[in-house]
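*Asks:* Before we start, here is the structure in question, set down as structure tokens.
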Amino acid sequence: MTENTNRRREAAEAADDLRDAMEEILAAAGEDDEEIEAARHAAVALDGIEDAEEALRLWRDCEEDAIELLDEEPYDDTEENEE
């Protein structure tokens with residue numbers, strides 16, 4: 001496992017924790033102005049988390065292990081060997 005894989009895995013785990021917290025804020029939002037504002041920020045944060053996860057997917061080297069939290073699949077190197 002490379003250093004990048006470790007960093008990507010740690011970031012994916014942090015993103016997953018943050019997603020859970022933002023979803024909890026959205027679920028708990030009521031009609032209070034502060035709760036509505038918190039929910040608005042949580043919704044924006046969720047979009048940012050999705051962007052961050054996509055960046056982590058794109059940062060992956062072909063030798064790196066797949067990270068399940070990012071819904072990655074192992075690279076299929078059979079195509080490379082056939083060429």
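Letters for chains follow the order of the structure tokens (A, B, ...), residue numbers begin at 1 for each chain, and ligand numbers begin at 1 in the order shown.
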Which residues are near Glu72 (chain A)? Cut-off 10 Å, only C-alpha atoms, ignore same chain within fewer than 4 positions. Put them as a list in words.

*Replies:*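 Skipping anything fewer than 4 positions along the chain leaves Arg57, Arg60, Asp65, Ala66, Ile67 and Glu68 of chain A.
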
*Asks:* Quick one: DSSP helix (DSSP H, G or I) residues in chain A, as a ChimeraX atom specification?

*Replies:* /A:3-28,33-58,68-70,78-82

*Asks:* What is the CA of Asp20 (chain A)-CA of Glu37 (chain A) distance in Å, reported with one decimal?

*Replies:*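 Straight-line distance from CA of Asp20 (chain A) to CA of Glu37 (chain A) works out to 17.8 Å.
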
*Asks:* What's around Ala43 (chain A) at 10 Å? Count only C-alpha atoms, leave out sequence neighbours fewer than 2 positions away in its own chain, and write the answer as a PDB file with C-alpha atoms, in the first residue's frame.

*Replies:*
```
ATOM      1  CA  ARG A  19     -21.214  13.195   5.423  1.00  0.00           C
ATOM      2  CA  MET A  22     -24.170  16.757   7.662  1.00  0.00           C
ATOM      3  CA  GLU A  23     -26.988  14.276   7.023  1.00  0.00           C
ATOM      4  CA  ILE A  25     -28.000  18.100  10.667  1.00  0.00           C
ATOM      5  CA  LEU A  26     -30.346  17.945   7.687  1.00  0.00           C
ATOM      6  CA  GLU A  37     -29.310  28.038   8.289  1.00  0.00           C
ATOM      7  CA  ALA A  38     -27.433  24.982   9.591  1.00  0.00           C
ATOM      8  CA  ALA A  39     -29.332  22.765   7.159  1.00  0.00           C
ATOM      9  CA  ARG A  40     -28.513  25.101   4.267  1.00  0.00           C
ATOM     10  CA  HIS A  41     -24.807  24.943   5.093  1.00  0.00           C
ATOM     11  CA  ALA A  45     -21.156  20.857   2.491  1.00  0.00           C
ATOM     12  CA  LEU A  46     -22.572  17.612   1.105  1.00  0.00           C
ATOM     13  CA  ASP A  47     -21.962  18.879  -2.432  1.00  0.00           C
ATOM     14  CA  GLY A  48     -18.407  19.730  -1.440  1.00  0.00           C
ATOM     15  CA  ILE A  49     -17.883  16.268   0.018  1.00  0.00           C
TER      16      ILE A  49
END
```

*Asks:* Quote the spacing between CA of Ala12 (chain A) and CA of Tyr75 (chain A) in Å to one decimal place.

*Replies:*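 So the two atoms, CA of Ala12 (chain A) and CA of Tyr75 (chain A), lie 18.5 Å apart.
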
*Asks:* Could you list, as a ChimeraX atom specification, every residue within 9 Å of Asn4 (chain A), counting only C-alpha atoms and ignoring same-chain residues fewer than 3 positions away?

*Replies:* /A:1,7-9,59-61,64

*Asks:* Which value, in Å to one decimal, gives the distance between CA of Asp71 (chain A) and CA of Glu53 (chain A)?

*Replies:*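 Between CA of Asp71 (chain A) and CA of Glu53 (chain A) the gap works out to 9.8 Å.
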